[in-house]
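Source file: final_30.txt. Holds: compact mmCIF, C-alpha atoms.
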```txt
# COMPACT_ATOMS: atom_id res chain seq x y z
CA MET A 1 0.00 0.00 0.00
CA GLY A 2 1.45 3.40 -0.99
CA LEU A 3 2.17 6.27 1.40
CA ILE A 4 -0.81 8.31 0.16
CA ARG A 5 -3.26 5.42 0.52
CA ARG A 6 -2.02 4.59 4.06
CA LEU A 7 -2.33 8.20 5.25
CA VAL A 8 -5.66 8.92 3.58
CA ASN A 9 -7.20 5.72 4.93
CA SER A 10 -5.85 6.16 8.45
CA PRO A 11 -8.46 6.64 11.21
CA GLY A 12 -6.74 9.82 12.39
CA MET A 13 -7.66 11.63 9.18
CA THR A 14 -11.36 11.95 10.03
CA GLU A 15 -11.78 11.34 13.74
CA HIS A 16 -11.27 15.03 14.60
CA ASP A 17 -13.65 16.41 11.99
CA ASP A 18 -16.32 17.61 14.44
CA ALA A 19 -19.40 19.42 13.16
CA LEU A 20 -20.20 22.73 14.82
CA SER A 21 -23.68 23.79 15.87
CA GLU A 22 -25.22 26.87 14.28
CA PRO A 23 -24.71 29.01 17.43
CA GLU A 24 -21.05 27.88 17.60
CA CYS A 25 -20.57 28.90 13.97
CA TRP A 26 -21.90 32.42 14.62
CA GLU A 27 -19.74 32.73 17.76
CA LEU A 28 -16.59 31.71 15.87
CA LEU A 29 -17.30 34.17 13.05
CA LEU A 30 -17.23 36.92 15.69
CA THR A 31 -13.59 36.03 16.47
CA ALA A 32 -12.26 36.78 12.98
CA SER A 33 -12.61 39.59 10.44
CA VAL A 34 -11.12 38.17 7.24
CA GLY A 35 -12.64 35.47 5.07
CA ARG A 36 -13.27 34.48 1.47
CA LEU A 37 -16.24 35.21 -0.75
CA ALA A 38 -17.10 32.75 -3.52
CA LEU A 39 -19.34 33.83 -6.37
CA SER A 40 -19.81 33.53 -10.10
CA VAL A 41 -18.70 36.37 -12.37
CA ARG A 42 -19.42 36.02 -16.08
CA ALA A 43 -20.13 32.29 -15.56
CA LEU A 44 -16.72 31.66 -13.95
CA PRO A 45 -16.09 30.88 -10.28
CA LEU A 46 -14.27 33.55 -8.30
CA ILE A 47 -12.95 33.47 -4.74
CA LEU A 48 -11.93 36.78 -3.17
CA PRO A 49 -10.25 37.56 0.14
CA VAL A 50 -12.53 39.96 2.00
CA GLN A 51 -12.87 41.76 5.28
CA TYR A 52 -16.21 41.32 7.05
CA TYR A 53 -18.26 42.54 9.98
CA LEU A 54 -20.85 40.46 11.80
CA ASP A 55 -23.76 42.09 13.64
CA GLY A 56 -26.02 39.37 14.99
CA ARG A 57 -26.90 37.38 11.88
CA ARG A 58 -26.11 40.26 9.49
CA LEU A 59 -22.85 39.74 7.63
CA ALA A 60 -21.41 42.81 5.86
CA VAL A 61 -18.56 42.07 3.44
CA CYS A 62 -16.18 44.69 2.06
CA LEU A 63 -14.92 43.88 -1.41
CA GLY A 64 -12.09 46.38 -1.11
CA HIS A 65 -10.53 47.21 -4.43
CA HIS A 66 -12.05 44.31 -6.39
CA ALA A 67 -13.93 45.69 -9.39
CA LEU A 68 -16.97 43.47 -9.91
CA PRO A 69 -19.96 44.04 -12.16
CA GLU A 70 -22.98 45.02 -10.10
CA ARG A 71 -25.08 42.25 -11.66
CA ALA A 72 -22.67 39.71 -10.14
CA LEU A 73 -23.70 40.97 -6.69
CA ASP A 74 -27.34 41.95 -7.11
CA GLY A 75 -29.41 39.31 -5.33
CA THR A 76 -27.13 36.44 -6.31
CA ILE A 77 -26.42 33.29 -4.34
CA LEU A 78 -22.91 33.21 -2.98
CA ALA A 79 -20.78 31.50 -0.39
CA PHE A 80 -18.58 32.92 2.34
CA ALA A 81 -15.97 31.11 4.45
CA ALA A 82 -13.76 32.04 7.37
CA ASP A 83 -11.43 29.89 9.41
CA SER A 84 -8.68 29.94 11.95
CA ILE A 85 -5.82 27.51 12.61
CA ASP A 86 -3.67 27.53 15.75
CA PRO A 87 -0.07 26.83 14.61
CA VAL A 88 0.83 25.25 17.97
CA THR A 89 -2.03 22.74 18.28
CA ARG A 90 -2.34 22.43 14.47
CA SER A 91 -6.11 22.54 14.88
CA GLY A 92 -8.84 25.06 14.35
CA TRP A 93 -12.22 25.68 12.79
CA SER A 94 -13.85 26.51 9.49
CA VAL A 95 -17.29 28.08 8.98
CA GLN A 96 -19.21 28.44 5.70
CA VAL A 97 -22.23 30.63 5.01
CA GLN A 98 -24.38 30.29 1.92
CA GLY A 99 -26.83 33.06 1.17
CA LYS A 100 -28.09 35.82 -1.03
CA SER A 101 -26.25 39.09 -1.60
CA VAL A 102 -28.03 42.38 -1.00
CA PHE A 103 -26.79 45.94 -1.12
CA PRO A 104 -26.93 47.44 2.37
CA SER A 105 -29.44 50.24 2.02
CA ARG A 106 -29.74 51.16 5.69
CA LEU A 107 -26.08 51.57 6.57
CA ARG A 108 -25.67 55.14 7.73
CA ILE A 109 -21.91 55.13 7.39
CA ASP A 110 -19.50 55.75 4.56
CA THR A 111 -19.01 52.38 2.87
CA ASP A 112 -16.26 53.52 0.51
CA CYS A 113 -13.50 50.91 0.69
CA GLY A 114 -11.21 52.61 -1.78
CA SER A 115 -13.06 52.93 -5.07
CA PRO A 116 -16.30 54.86 -5.53
CA THR A 117 -18.72 52.05 -6.40
CA ARG A 118 -21.95 51.08 -4.71
CA ALA A 119 -21.04 47.39 -4.76
CA GLN A 120 -18.02 47.68 -2.47
CA VAL A 121 -19.96 46.54 0.59
CA VAL A 122 -22.55 43.81 0.29
CA GLU A 123 -24.59 42.11 2.93
CA ILE A 124 -25.17 38.37 2.93
CA GLU A 125 -28.65 37.21 3.89
CA PRO A 126 -27.69 33.83 5.34
CA GLY A 127 -29.61 30.83 4.10
CA LYS A 128 -27.38 28.13 5.54
CA ILE A 129 -24.45 28.13 7.96
CA SER A 130 -22.26 25.15 8.78
CA GLY A 131 -18.84 24.50 10.18
CA HIS A 132 -16.46 22.04 11.70
CA ARG A 133 -13.42 21.76 13.92
CA MET A 134 -10.39 20.44 12.12
CA HIS A 135 -6.80 19.25 12.45
CA LEU A 136 -4.14 19.79 9.82
CA CYS A 137 -3.34 16.85 7.57
CA PRO A 138 -0.27 14.80 8.56
CA PHE A 139 0.27 13.75 4.93
CA ILE A 140 0.58 17.36 3.71
CA ASP A 141 2.73 18.19 6.75
CA ALA A 142 5.11 15.34 5.80
CA LEU A 143 5.34 16.57 2.19
CA LEU A 144 5.99 20.13 3.34
CA ALA A 145 8.64 19.02 5.84
CA ALA A 146 10.42 16.97 3.18
CA SER A 147 10.01 19.66 0.49
CA ARG A 148 9.28 17.01 -2.09
CA PRO A 149 6.69 16.62 -4.86
CA LEU A 150 3.69 14.32 -4.63
CA PRO A 151 4.54 10.66 -5.26
CA ALA A 152 3.62 9.41 -8.75
CA GLY A 153 0.39 7.59 -9.35
```

How does the structure come out when it is put into structure tokens?
Amino acid sequence: MGLIRRLVNSPGMTEHDDALSEPECWELLLTASVGRLALSVRALPLILPVQYYLDGRRLAVCLGHHALPERALDGTILAFAADSIDPVTRSGWSVQVQGKSVFPSRLRIDTDCGSPTRAQVVEIEPGKISGHRMHLCPFIDALLAASRPLPAG
């Protein structure tokens, strides 16, 4: 049995993959401020690093200097993810939110993130939130430590 097959099939690879409850997911999102937004632009998938703010169940995402067509953000379904890994314990969490984008009409603050476009800050109306606790993969750690390419086939 090859190295990849032994590591992938080892019980340690999945035993720490603990699902988080919805309240735990919201609590963990409060502890971070940077995540990734996944959406479709001109029929192609796009993942952007973004800064976000969570107020209860309202998630405001700043697109920064990313120039996106407004139709890509107007009421579209998108996904958001944030995570955190502790380098000492090599464990952490990951939370994903799927929802609909809306332009925040009631924000009474300047939402200019660097370019003068209305679409720089969008709010995500959450439809689904999920998450899990995780541990880093020993197989990838071994490859990184050895600085070698993936074994052939």

TODO: Might you pull out every residue within 7 Å of Arg36 of chain A, with all atoms listed in the file counted and same-chain residues fewer than 2 positions away left off, and present them as JSON, numbers by chain?
DONE: {"A": [38, 47, 48, 49, 50, 80, 81, 82]}

Task: Residue neighbourhood Pro45 of chain A, 12 Å, all atoms listed in the file, exclusion window fewer than 5 positions, as JSON, numbers by chain - done: {"A": [37, 38, 39, 40, 72, 78, 79]}

Task: One-decimal distance in Å that lies between atom CA of Ser21 of chain A and atom CA of Ser130 of chain A - done: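 We find that atom CA of Ser130 of chain A and atom CA of Ser21 of chain A lie 7.4 Å from each other.
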
- [ ] For each of A:Asp55, A:Asp74, A:Asp86, A:Glu123, take the minimum atom-to-atom distance to Leu29 of chain A, counting all atoms listed in the file, then give the residue where this is smallest.
- [x]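 Closest to Leu29 of chain A of all the choices is A:Asp55.
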
Might I get the box with edges along x, y and z of the file that holds all atoms of segment 39-52 of chain A listed there, padded by 3 Å on every side, given as centre and edge lengths in Å to one decimal, as AutoDock Vina command-line options?
```
--center_x -15.2 --center_y 36.3 --center_z -4.5 --size_x 15.9 --size_y 16.9 --size_z 29.1
```

Task: Distance criterion (all atoms listed in the file): nearest to Arg71 of chain A out of A:Val102, A:Leu46, A:Leu59, A:Val95 - done: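 Looking only at the distances to Arg71 of chain A, the closest residue turns out to be A:Val102.
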
- [ ] Would you work out the distance separating atom CA of Gly92 of chain A from atom CA of Leu63 of chain A, expressed in Å to one decimal?
- [x]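 According to the coordinates, atom CA of Gly92 of chain A and atom CA of Leu63 of chain A are separated by 25.3 Å.
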
Open item on the list: I want to know what sits within 12 Å of Ala32 of chain A, based on all atoms listed in the file, with residues of the same chain fewer than 6 positions away left out; could you give that as a PyMOL selection string?
Closed with: chain A and resi 25-26+50-54+81-85+93-95

Close residues, Val121 of chain A itself excluded, 7 Å, all atoms listed in the file, min 5 positions apart in chain, as a PDB file with C-alpha atoms, in the frame of the given file:
```pdb
ATOM      1  CA  ALA A  60     -21.410  42.810   5.860  1.00  0.00           C
ATOM      2  CA  VAL A  61     -18.560  42.070   3.440  1.00  0.00           C
ATOM      3  CA  CYS A  62     -16.180  44.690   2.060  1.00  0.00           C
ATOM      4  CA  LEU A  63     -14.920  43.880  -1.410  1.00  0.00           C
ATOM      5  CA  THR A 111     -19.010  52.380   2.870  1.00  0.00           C
TER       6      THR A 111
END
```

- [ ] Between atom CA of Phe139 of chain A and atom CA of Gly35 of chain A, measure the distance and give it in Å to one decimal.
- [x] 25.3 Å

Open item on the list: Can you pull out the residues contacting Glu125 of chain A? Cut-off 7 Å, using only C-alpha atoms, and skip same-chain residues under 2 positions away; I want them as a list in words.
Closed with: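 With the cut-off at 7 Å, the set is Arg58, Gly99, Lys100, Ser101, Glu123 and Gly127 of chain A.
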
- [ ] Have a look at A:Thr89, A:Arg42, A:Val34, A:Ala152 and name the one nearest to Met134 of chain A; count all atoms listed in the file.
- [x]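 Using all atoms listed in the file, the shortest distance to Met134 of chain A belongs to A:Thr89.
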